[in-house]
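Taking it in order: structure first as structure tokens, then the write-up.
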Amino acid sequence: MSREVRVRFAPSPTGPLHIGGVRTALYNYLFARRNGGKMILRIEDTDSQRFVPGAEEYIIESLKWCGIEIDEGVGYGGPHAPYRQSERREIYLQYAKQLVDAGWAYYAFDTPEELDKLRSEAEAAGKTFAYNYEVREKLATSLRLSKEEVEERIARGDQWVVRFKMPENEVVKMDDLIRGHVEMNTSTLDDKVLYKSADALPTYHLANIVDDHLMEVSHVIRGEEWLPSLPLHYLLYRAFGWTDTQPEFAHLPLLLKPTGSGKLSKRDGDKMGFPVFPLFWTSPTGETARGYREDGYLAEAFINMLSLLGWNPGTEQEIFSMQELIDSFSLERVSKAGARFQPDKAKWFNAQYMHAMSAEQLAPYIQPILKAHGVETTDERAGKAAEIMKERMTLVTDMWDLTSFFFVAPTEYDEKLAKKQWKGDNPAMLAELAELLKGIEEFSKENTESVVRAWIEAKGFSLGQVMNTLRLALVGAGKGPGMFDVTEFIGKEETLRRIEAIIANLKPME
């Protein structure tokens with residue numbers, strides 16, 4: 001019987017969730033759904049020094065906005081609760097002691113000052129200090145101290161850590177679903193800290209192995225920054241006797257700066273004018289960071305863009321719904337090389353999604369913008385205005401500038417257009433047009449256009465001359481759709497009111 005696919009996204013609440021983390025969550029989610037499995041959200045808050053209030057809530061809200069559905073975890077519950085590591089403290093100490101008892105780990109009582117002295121001595125000798133098989137039995141550890149001394153030190157409250165006893169000169173053979181077979185000699189590795197008495201919490205290495213085992217995780221899909229830790233994690237599974245249920249590993253490529261050199265950071269976004277976080281973030285100290293949602297991106301477009309940064313569907317297709325991503329995704333098509341982030345491509349994806357939306361789909365996005373500007377209207381009218389202008393939209397934040405004239409009459413007029421159009425016979429011509437419009441009963445786009453075009457032809461006016469002057473009156477600037485889209489939308493009374501307003505308020509140019 002094949003094993004149930006169970007994956008986990010396990011961020012640390014140390015600040016806003018970087019889009020690299022969102023992509024890790026997305027690939028876990030796609031893999032789980034593709035294989036009929038479960039998606040777990042675990043919060044790894046064992047580093048109490050770096051904990052940031054509000055970060056956990058931000059992570060949960062970000063995943064919801066992105067459409068990444070969680071099956072069990074923090075905020076969702078499940079059979080392996082609790083899913084917040086700070087609430088699982090007692091579990092980890094038990095497993096740390098198990099490793100010590102089995103000879104795979106040991107207590108170390110060194111002080112930071114002692115370790116700093118050893119580092120300085122190594123540097124003076126031109127060497128790099130490593131806490132490994134060469135030094136561990138020379139220091140204050142349970143490998144050198146008697147059992148009674150160790151118990152006495154612990155009893156009197158001396159601070160200690162549990163370190164993994166890395167085997168000497170052994171080749172660890174590992175397999176990665178993206179990178180293939182990897183081997184590493186243990187003599188190049190140090191004895192990592194697994195547990196700290198100071199805050200009664202484990203380090204990442206112990207906690208994630210124990211939790212992945214207890215939560216029956218089948219696949220660990222995480223960033224490539226964890227690849228150097230893989231030998232230790234393999235050895236921990238062996239030390240616990242869990243190799244039969246050890247998960248398969250996949251290490252994802254980095255998200256690179258737009259220049260292609262180095263990991264994408266907030267600084268890159270600040271410098272080049274794009275967000276690197278899904279949602280707007282305000283830190284407890286008041287620092288802020290831009291978010292894709294607030295910058296006017298649709299969640300579906302954001303996810304579509306992110307999915308293709310490191311994964312290739314093997315076809316020319318670029319636009320994918322979430323279900324299409326699930327149906328197409330495989331780890332075999334994830335690249336080993338880093339993926340360069342392209343801000344312009346992110347905008348392109350968003351534009352494609354906006355152009356494909358119906359009036360009904362656009363209405364929920366434009367309504368809050370209209371309300372923020374004091375405009376109260378129906379969803380039908382709001383959506384219709386957005387639909388008329390959607391081909392010119394790239395971001396949701398473009399909506400007000402592109403549609404405001406549908407709802408608010410101009411109170412001032414573009415100077416450049418006015419100089420060109422509001423002169424000579426044009427004001428009189430517009431007054432005559434107003435008389436014509438008053439007599440039109442059916443004010444539909446088609447009927448109004450037919451009547452006005454016949455009038456223009458009969459009078460011998462230039463079409464551009466009439467339309468541009470009318471645009472100045474109705475829109476106030478040289479933008480917007482066809483004029484008969486505007487007249488139909490705002491209606492006969494408002495059309496005449498705006499023409500009368502320009503005639504009354506704008507002095508003809510010389």
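Going by the structure tokens order, chains are called A, B, ..., each with residues numbered from 1, while ligands are numbered from 1 in the order shown.
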Near Ile303 (chain A), within 9 Å and counting only C-alpha atoms, which residues show up once chain neighbours fewer than 2 positions away are dropped, as a ChimeraX atom specification? /A:22-23,26,66-67,298-301,305-308,321-322
Apply DSSP to the structure's backbone, then extract all residues of region 173-323 of chain A labelled strand (DSSP E or B) and return them as a PyMOL selection string. chain A and resi 173-176+180-185+193-196+201-202+219-223+248-252+255-256+263+277+281-282+288-289+291+311
Deliver the residues from the most recent selection as a file, using N, CA, C and O atoms, as a compact mmCIF listing (two decimals), in the first residue's frame.
```txt
# COMPACT_ATOMS: atom_id res chain seq x y z
N LYS A 173 24.98 9.19 2.21
CA LYS A 173 24.42 9.13 0.85
C LYS A 173 22.96 9.56 0.90
O LYS A 173 22.17 8.98 1.65
N MET A 174 22.65 10.56 0.10
CA MET A 174 21.30 11.16 0.16
C MET A 174 20.71 11.28 -1.24
O MET A 174 21.45 11.35 -2.22
N ASP A 175 19.38 11.35 -1.27
CA ASP A 175 18.68 11.54 -2.54
C ASP A 175 17.73 12.72 -2.44
O ASP A 175 17.01 12.85 -1.45
N ASP A 176 17.77 13.56 -3.47
CA ASP A 176 16.90 14.73 -3.54
C ASP A 176 16.07 14.62 -4.82
O ASP A 176 16.60 14.32 -5.89
N GLY A 180 18.84 15.10 -7.35
CA GLY A 180 19.39 13.76 -7.57
C GLY A 180 20.19 13.26 -6.37
O GLY A 180 19.94 13.64 -5.23
N HIS A 181 21.19 12.41 -6.65
CA HIS A 181 21.98 11.78 -5.59
C HIS A 181 23.07 12.74 -5.10
O HIS A 181 23.77 13.37 -5.90
N VAL A 182 23.20 12.86 -3.79
CA VAL A 182 24.19 13.74 -3.18
C VAL A 182 24.94 12.96 -2.11
O VAL A 182 24.35 12.17 -1.38
N GLU A 183 26.26 13.17 -2.01
CA GLU A 183 27.04 12.51 -0.97
C GLU A 183 27.88 13.55 -0.23
O GLU A 183 28.33 14.53 -0.83
N MET A 184 28.06 13.33 1.08
CA MET A 184 28.88 14.25 1.85
C MET A 184 29.60 13.50 2.96
O MET A 184 29.03 12.61 3.59
N ASN A 185 30.86 13.88 3.20
CA ASN A 185 31.64 13.25 4.26
C ASN A 185 31.38 13.97 5.57
O ASN A 185 31.44 15.21 5.64
N VAL A 193 23.91 22.11 17.53
CA VAL A 193 23.09 22.16 18.75
C VAL A 193 21.67 21.71 18.39
O VAL A 193 21.10 22.15 17.40
N LEU A 194 21.12 20.82 19.23
CA LEU A 194 19.77 20.31 19.01
C LEU A 194 18.77 20.87 20.03
O LEU A 194 17.59 20.98 19.74
N TYR A 195 19.27 21.19 21.21
CA TYR A 195 18.37 21.64 22.27
C TYR A 195 19.15 22.57 23.20
O TYR A 195 20.33 22.35 23.47
N LYS A 196 18.44 23.64 23.70
CA LYS A 196 19.10 24.62 24.59
C LYS A 196 18.32 24.73 25.90
O LYS A 196 17.12 24.99 25.89
N LEU A 201 13.99 25.16 24.65
CA LEU A 201 13.47 24.97 23.29
C LEU A 201 14.51 24.28 22.41
O LEU A 201 15.72 24.45 22.59
N PRO A 202 14.02 23.53 21.43
CA PRO A 202 14.93 22.87 20.50
C PRO A 202 15.39 23.84 19.42
O PRO A 202 14.81 24.91 19.25
N HIS A 219 6.79 14.06 2.40
CA HIS A 219 7.70 14.79 1.51
C HIS A 219 8.03 16.15 2.13
O HIS A 219 7.12 16.88 2.53
N VAL A 220 9.32 16.46 2.21
CA VAL A 220 9.77 17.76 2.70
C VAL A 220 10.23 18.57 1.49
O VAL A 220 11.25 18.27 0.87
N ILE A 221 9.43 19.57 1.14
CA ILE A 221 9.73 20.43 -0.01
C ILE A 221 10.06 21.81 0.57
O ILE A 221 9.20 22.50 1.11
N ARG A 222 11.32 22.21 0.46
CA ARG A 222 11.78 23.44 1.12
C ARG A 222 12.86 24.12 0.28
O ARG A 222 13.33 23.57 -0.71
N GLY A 223 13.29 25.30 0.71
CA GLY A 223 14.28 26.08 -0.02
C GLY A 223 15.66 25.45 0.00
O GLY A 223 16.02 24.72 0.93
N GLU A 248 10.72 11.91 1.78
CA GLU A 248 11.57 12.23 0.64
C GLU A 248 11.79 13.74 0.65
O GLU A 248 10.93 14.50 1.07
N PHE A 249 12.96 14.15 0.16
CA PHE A 249 13.33 15.57 0.21
C PHE A 249 13.39 16.18 -1.18
O PHE A 249 13.78 15.52 -2.15
N ALA A 250 13.00 17.46 -1.27
CA ALA A 250 13.13 18.23 -2.51
C ALA A 250 13.52 19.65 -2.12
O ALA A 250 12.81 20.30 -1.35
N HIS A 251 14.66 20.10 -2.63
CA HIS A 251 15.15 21.45 -2.29
C HIS A 251 14.98 22.38 -3.49
O HIS A 251 15.57 22.15 -4.55
N LEU A 252 14.17 23.42 -3.28
CA LEU A 252 13.78 24.31 -4.37
C LEU A 252 14.86 25.35 -4.66
O LEU A 252 15.57 25.78 -3.76
N LEU A 255 14.92 32.23 -5.46
CA LEU A 255 14.37 33.32 -6.28
C LEU A 255 15.45 34.39 -6.35
O LEU A 255 15.90 34.88 -5.30
N LEU A 256 15.87 34.74 -7.56
CA LEU A 256 16.99 35.66 -7.73
C LEU A 256 16.53 37.09 -8.01
O LEU A 256 15.42 37.33 -8.47
N LYS A 263 20.16 36.45 -4.09
CA LYS A 263 18.79 36.19 -3.65
C LYS A 263 17.96 37.47 -3.63
O LYS A 263 18.43 38.52 -3.20
N PHE A 277 6.63 41.04 -0.89
CA PHE A 277 5.75 40.37 0.07
C PHE A 277 4.33 40.32 -0.51
O PHE A 277 3.95 41.21 -1.27
N TRP A 281 2.69 45.17 4.94
CA TRP A 281 3.11 44.78 6.30
C TRP A 281 3.50 46.03 7.10
O TRP A 281 4.20 46.91 6.59
N THR A 282 3.04 46.07 8.34
CA THR A 282 3.50 47.09 9.28
C THR A 282 4.08 46.37 10.48
O THR A 282 3.40 45.56 11.12
N THR A 288 7.17 49.75 7.44
CA THR A 288 6.19 49.18 6.50
C THR A 288 6.88 48.57 5.29
O THR A 288 8.03 48.88 4.98
N ALA A 289 6.16 47.67 4.64
CA ALA A 289 6.65 47.06 3.40
C ALA A 289 5.46 46.86 2.47
O ALA A 289 4.36 46.49 2.91
N GLY A 291 2.90 45.39 -0.43
CA GLY A 291 2.38 44.06 -0.69
C GLY A 291 1.73 44.00 -2.06
O GLY A 291 1.23 45.01 -2.56
N TRP A 311 9.55 26.43 -11.98
CA TRP A 311 8.87 25.24 -12.51
C TRP A 311 8.49 25.51 -13.96
O TRP A 311 8.05 26.62 -14.30
```
Nearest-residue call for Gln323 (chain A), choices A:Phe31, A:Phe407, A:Tyr76, A:Trp400, using only C-alpha atoms: A:Phe31
Contacts of region 11-19 of chain A at 9 Å (only C-alpha atoms; same-chain gap of 3+ positions) as a PDB file with N, CA and C atoms, in the first residue's frame:
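File result-v2.pdb, as written:
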```
ATOM      1  N   VAL A  22       6.235  32.100  -0.073  1.00  0.00           N
ATOM      2  CA  VAL A  22       4.927  31.821  -0.683  1.00  0.00           C
ATOM      3  C   VAL A  22       5.087  30.753  -1.775  1.00  0.00           C
ATOM      4  N   ARG A  23       6.153  30.871  -2.575  1.00  0.00           N
ATOM      5  CA  ARG A  23       6.361  29.871  -3.632  1.00  0.00           C
ATOM      6  C   ARG A  23       6.598  28.474  -3.036  1.00  0.00           C
ATOM      7  N   THR A  24       7.348  28.416  -1.925  1.00  0.00           N
ATOM      8  CA  THR A  24       7.553  27.130  -1.257  1.00  0.00           C
ATOM      9  C   THR A  24       6.209  26.549  -0.812  1.00  0.00           C
ATOM     10  N   LEU A  41       0.074  23.314   7.934  1.00  0.00           N
ATOM     11  CA  LEU A  41       0.738  24.571   8.282  1.00  0.00           C
ATOM     12  C   LEU A  41       1.256  24.449   9.707  1.00  0.00           C
ATOM     13  N   ARG A  42       2.573  24.484   9.822  1.00  0.00           N
ATOM     14  CA  ARG A  42       3.219  24.411  11.136  1.00  0.00           C
ATOM     15  C   ARG A  42       4.002  25.701  11.353  1.00  0.00           C
ATOM     16  N   ILE A  43       3.873  26.295  12.506  1.00  0.00           N
ATOM     17  CA  ILE A  43       4.609  27.521  12.815  1.00  0.00           C
ATOM     18  C   ILE A  43       5.830  27.161  13.664  1.00  0.00           C
ATOM     19  N   GLU A  44       7.013  27.430  13.126  1.00  0.00           N
ATOM     20  CA  GLU A  44       8.262  27.064  13.795  1.00  0.00           C
ATOM     21  C   GLU A  44       8.803  28.291  14.538  1.00  0.00           C
ATOM     22  N   ASP A  45       8.304  28.466  15.754  1.00  0.00           N
ATOM     23  CA  ASP A  45       8.627  29.650  16.549  1.00  0.00           C
ATOM     24  C   ASP A  45       9.576  29.329  17.695  1.00  0.00           C
ATOM     25  N   THR A  46      10.543  28.455  17.436  1.00  0.00           N
ATOM     26  CA  THR A  46      11.476  28.074  18.508  1.00  0.00           C
ATOM     27  C   THR A  46      12.562  29.122  18.731  1.00  0.00           C
ATOM     28  N   ASP A  47      12.767  30.020  17.760  1.00  0.00           N
ATOM     29  CA  ASP A  47      13.762  31.081  17.934  1.00  0.00           C
ATOM     30  C   ASP A  47      13.085  32.282  18.584  1.00  0.00           C
ATOM     31  N   ARG A  50      13.949  36.007  17.743  1.00  0.00           N
ATOM     32  CA  ARG A  50      13.578  36.623  16.466  1.00  0.00           C
ATOM     33  C   ARG A  50      12.065  36.684  16.247  1.00  0.00           C
ATOM     34  N   PHE A  51      11.288  36.252  17.246  1.00  0.00           N
ATOM     35  CA  PHE A  51       9.826  36.257  17.117  1.00  0.00           C
ATOM     36  C   PHE A  51       9.309  37.688  16.948  1.00  0.00           C
ATOM     37  N   VAL A  52       8.409  37.891  15.980  1.00  0.00           N
ATOM     38  CA  VAL A  52       7.824  39.212  15.732  1.00  0.00           C
ATOM     39  C   VAL A  52       6.303  39.126  15.891  1.00  0.00           C
ATOM     40  N   PRO A  53       5.717  39.886  16.814  1.00  0.00           N
ATOM     41  CA  PRO A  53       4.259  39.867  16.986  1.00  0.00           C
ATOM     42  C   PRO A  53       3.550  40.235  15.675  1.00  0.00           C
ATOM     43  N   GLY A  54       2.490  39.502  15.371  1.00  0.00           N
ATOM     44  CA  GLY A  54       1.714  39.779  14.162  1.00  0.00           C
ATOM     45  C   GLY A  54       2.156  38.977  12.945  1.00  0.00           C
ATOM     46  N   ALA A  55       3.355  38.408  13.003  1.00  0.00           N
ATOM     47  CA  ALA A  55       3.878  37.691  11.828  1.00  0.00           C
ATOM     48  C   ALA A  55       3.086  36.412  11.538  1.00  0.00           C
ATOM     49  N   GLU A  56       2.686  35.715  12.582  1.00  0.00           N
ATOM     50  CA  GLU A  56       1.924  34.472  12.385  1.00  0.00           C
ATOM     51  C   GLU A  56       0.580  34.769  11.702  1.00  0.00           C
ATOM     52  N   GLU A  57      -0.099  35.798  12.165  1.00  0.00           N
ATOM     53  CA  GLU A  57      -1.387  36.178  11.571  1.00  0.00           C
ATOM     54  C   GLU A  57      -1.189  36.607  10.116  1.00  0.00           C
ATOM     55  N   TYR A  58      -0.091  37.296   9.869  1.00  0.00           N
ATOM     56  CA  TYR A  58       0.229  37.734   8.504  1.00  0.00           C
ATOM     57  C   TYR A  58       0.411  36.516   7.585  1.00  0.00           C
ATOM     58  N   ILE A  59       1.114  35.507   8.057  1.00  0.00           N
ATOM     59  CA  ILE A  59       1.354  34.287   7.265  1.00  0.00           C
ATOM     60  C   ILE A  59       0.025  33.628   6.905  1.00  0.00           C
ATOM     61  N   SER A  62      -1.937  35.706   4.403  1.00  0.00           N
ATOM     62  CA  SER A  62      -1.291  35.656   3.087  1.00  0.00           C
ATOM     63  C   SER A  62      -1.663  34.384   2.339  1.00  0.00           C
ATOM     64  N   LEU A 255      14.920  32.233  -5.463  1.00  0.00           N
ATOM     65  CA  LEU A 255      14.366  33.317  -6.277  1.00  0.00           C
ATOM     66  C   LEU A 255      15.449  34.388  -6.347  1.00  0.00           C
ATOM     67  N   SER A 265      15.673  40.293  -2.457  1.00  0.00           N
ATOM     68  CA  SER A 265      15.475  40.831  -1.111  1.00  0.00           C
ATOM     69  C   SER A 265      14.527  42.024  -1.136  1.00  0.00           C
ATOM     70  N   LYS A 266      14.097  42.441   0.055  1.00  0.00           N
ATOM     71  CA  LYS A 266      13.233  43.622   0.182  1.00  0.00           C
ATOM     72  C   LYS A 266      13.945  44.849  -0.375  1.00  0.00           C
ATOM     73  N   PRO A 275       6.967  45.144  -4.884  1.00  0.00           N
ATOM     74  CA  PRO A 275       6.908  44.474  -3.583  1.00  0.00           C
ATOM     75  C   PRO A 275       7.592  43.103  -3.626  1.00  0.00           C
ATOM     76  N   VAL A 276       8.049  42.638  -2.461  1.00  0.00           N
ATOM     77  CA  VAL A 276       8.555  41.267  -2.359  1.00  0.00           C
ATOM     78  C   VAL A 276       7.765  40.476  -1.311  1.00  0.00           C
ATOM     79  N   PHE A 277       6.628  41.039  -0.887  1.00  0.00           N
ATOM     80  CA  PHE A 277       5.750  40.371   0.072  1.00  0.00           C
ATOM     81  C   PHE A 277       4.328  40.323  -0.507  1.00  0.00           C
ATOM     82  N   PRO A 278       3.542  39.311  -0.149  1.00  0.00           N
ATOM     83  CA  PRO A 278       2.185  39.211  -0.722  1.00  0.00           C
ATOM     84  C   PRO A 278       1.245  40.313  -0.264  1.00  0.00           C
ATOM     85  N   LEU A 279       1.335  40.701   1.032  1.00  0.00           N
ATOM     86  CA  LEU A 279       0.431  41.707   1.595  1.00  0.00           C
ATOM     87  C   LEU A 279       1.240  42.837   2.225  1.00  0.00           C
ATOM     88  N   PHE A 280       0.611  43.985   2.331  1.00  0.00           N
ATOM     89  CA  PHE A 280       1.237  45.118   3.013  1.00  0.00           C
ATOM     90  C   PHE A 280       1.544  44.722   4.457  1.00  0.00           C
ATOM     91  N   TRP A 281       2.690  45.168   4.944  1.00  0.00           N
ATOM     92  CA  TRP A 281       3.114  44.785   6.300  1.00  0.00           C
ATOM     93  C   TRP A 281       3.502  46.026   7.099  1.00  0.00           C
ATOM     94  N   THR A 282       3.043  46.074   8.335  1.00  0.00           N
ATOM     95  CA  THR A 282       3.497  47.092   9.281  1.00  0.00           C
ATOM     96  C   THR A 282       4.080  46.367  10.478  1.00  0.00           C
ATOM     97  N   SER A 283       5.350  46.641  10.775  1.00  0.00           N
ATOM     98  CA  SER A 283       6.011  45.957  11.890  1.00  0.00           C
ATOM     99  C   SER A 283       5.573  46.589  13.218  1.00  0.00           C
ATOM    100  N   ALA A 289       6.161  47.671   4.636  1.00  0.00           N
ATOM    101  CA  ALA A 289       6.648  47.062   3.399  1.00  0.00           C
ATOM    102  C   ALA A 289       5.457  46.862   2.472  1.00  0.00           C
ATOM    103  N   LEU A 306       4.136  33.372  -9.893  1.00  0.00           N
ATOM    104  CA  LEU A 306       5.068  32.735  -8.960  1.00  0.00           C
ATOM    105  C   LEU A 306       5.303  31.264  -9.307  1.00  0.00           C
TER     106      LEU A 306
END
```
Got a sec: who's within 6 Å of region 379-392 of chain A, counting only C-alpha atoms, leaving out chain neighbours fewer than 2 positions off, as an NGL selection string? :A and (355 or 359-360 or 362-363)
Between CA of Phe405 (chain A) and CA of Val475 (chain A), what distance in Å does the model show, to one decimal? 5.5 Å
DSSP-assigned helix (DSSP H, G or I) members of region 77-116 of chain A, reported as a PyMOL selection string: chain A and resi 85-101+112-116
Can you tell me which residues surround region 456-471 of chain A at a distance of at most 8 Å, considering only C-alpha atoms, apart from same-chain residues fewer than 5 positions away, and format the answer as a count of residues only? 11
Quote the spacing between CA of Leu496 (chain A) and CA of Leu433 (chain A) in Å to one decimal place. 9.5 Å
So that I can see what lies close to region 370-375 of chain A, please list as a PyMOL selection string the residues with an atom at most 10 Å from it, counting only C-alpha atoms and leaving out residues fewer than 2 positions away in the same chain. chain A and resi 365-368+377-378+382+399-400+403-404+407-408
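The shortest atom-to-atom distance to Arg6 (chain A), with only C-alpha atoms taken into account, belongs to A:Glu72 out of A:Asp244, A:Glu72, A:Asp401, A:Asp116.
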Within 6 Å of region 295-297 of chain A, counting only C-alpha atoms, which residues qualify if same-chain residues fewer than 5 places away don't, as an mmCIF file with N, CA and C atoms, in the first residue's frame?
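What landed in out27.cif:
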```
data_model
loop_
_atom_site.group_PDB
_atom_site.id
_atom_site.type_symbol
_atom_site.label_atom_id
_atom_site.label_comp_id
_atom_site.auth_asym_id
_atom_site.auth_seq_id
_atom_site.Cartn_x
_atom_site.Cartn_y
_atom_site.Cartn_z
ATOM 1 N N LEU A 395 -3.161 47.050 -13.343
ATOM 2 C CA LEU A 395 -3.350 46.762 -11.916
ATOM 3 C C LEU A 395 -4.719 47.233 -11.456
ATOM 4 N N VAL A 396 -5.213 46.659 -10.383
ATOM 5 C CA VAL A 396 -6.488 47.084 -9.799
ATOM 6 C C VAL A 396 -6.417 48.578 -9.436
ATOM 7 N N THR A 397 -5.231 49.021 -9.031
ATOM 8 C CA THR A 397 -5.058 50.429 -8.631
ATOM 9 C C THR A 397 -5.192 51.400 -9.806
#
```
Quick check, in Å to one decimal: how far apart do CA of Glu432 (chain A) and CA of Trp455 (chain A) lie? 10.2 Å
Counting only C-alpha atoms, which residues in region 7-119 of chain A sit no more than 10 Å from region 125-129 of chain A? For each one, give the nearest pair of atoms and the distance in Å, sorted by chain then residue number, as a Markdown table.
```
| residue | atom | partner | partner_atom | distance |
| --- | --- | --- | --- | --- |
| A:Leu115 | CA | A:Phe129 | CA | 9.2 |
| A:Asp116 | CA | A:Phe129 | CA | 9.7 |
| A:Leu118 | CA | A:Phe129 | CA | 7.1 |
| A:Arg119 | CA | A:Phe129 | CA | 5.3 |
```
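When only C-alpha atoms are used to compute distances to Ile503 (chain A), the closest of the residues A:Glu449, A:Pro427, A:Phe349, A:Glu412 turns out to be A:Pro427.
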The residue from A:Glu316, A:Ile440, A:Glu123, A:Ile178 with the smallest atom-to-atom distance to Ser330 (chain A), counting only C-alpha atoms, is A:Ile178
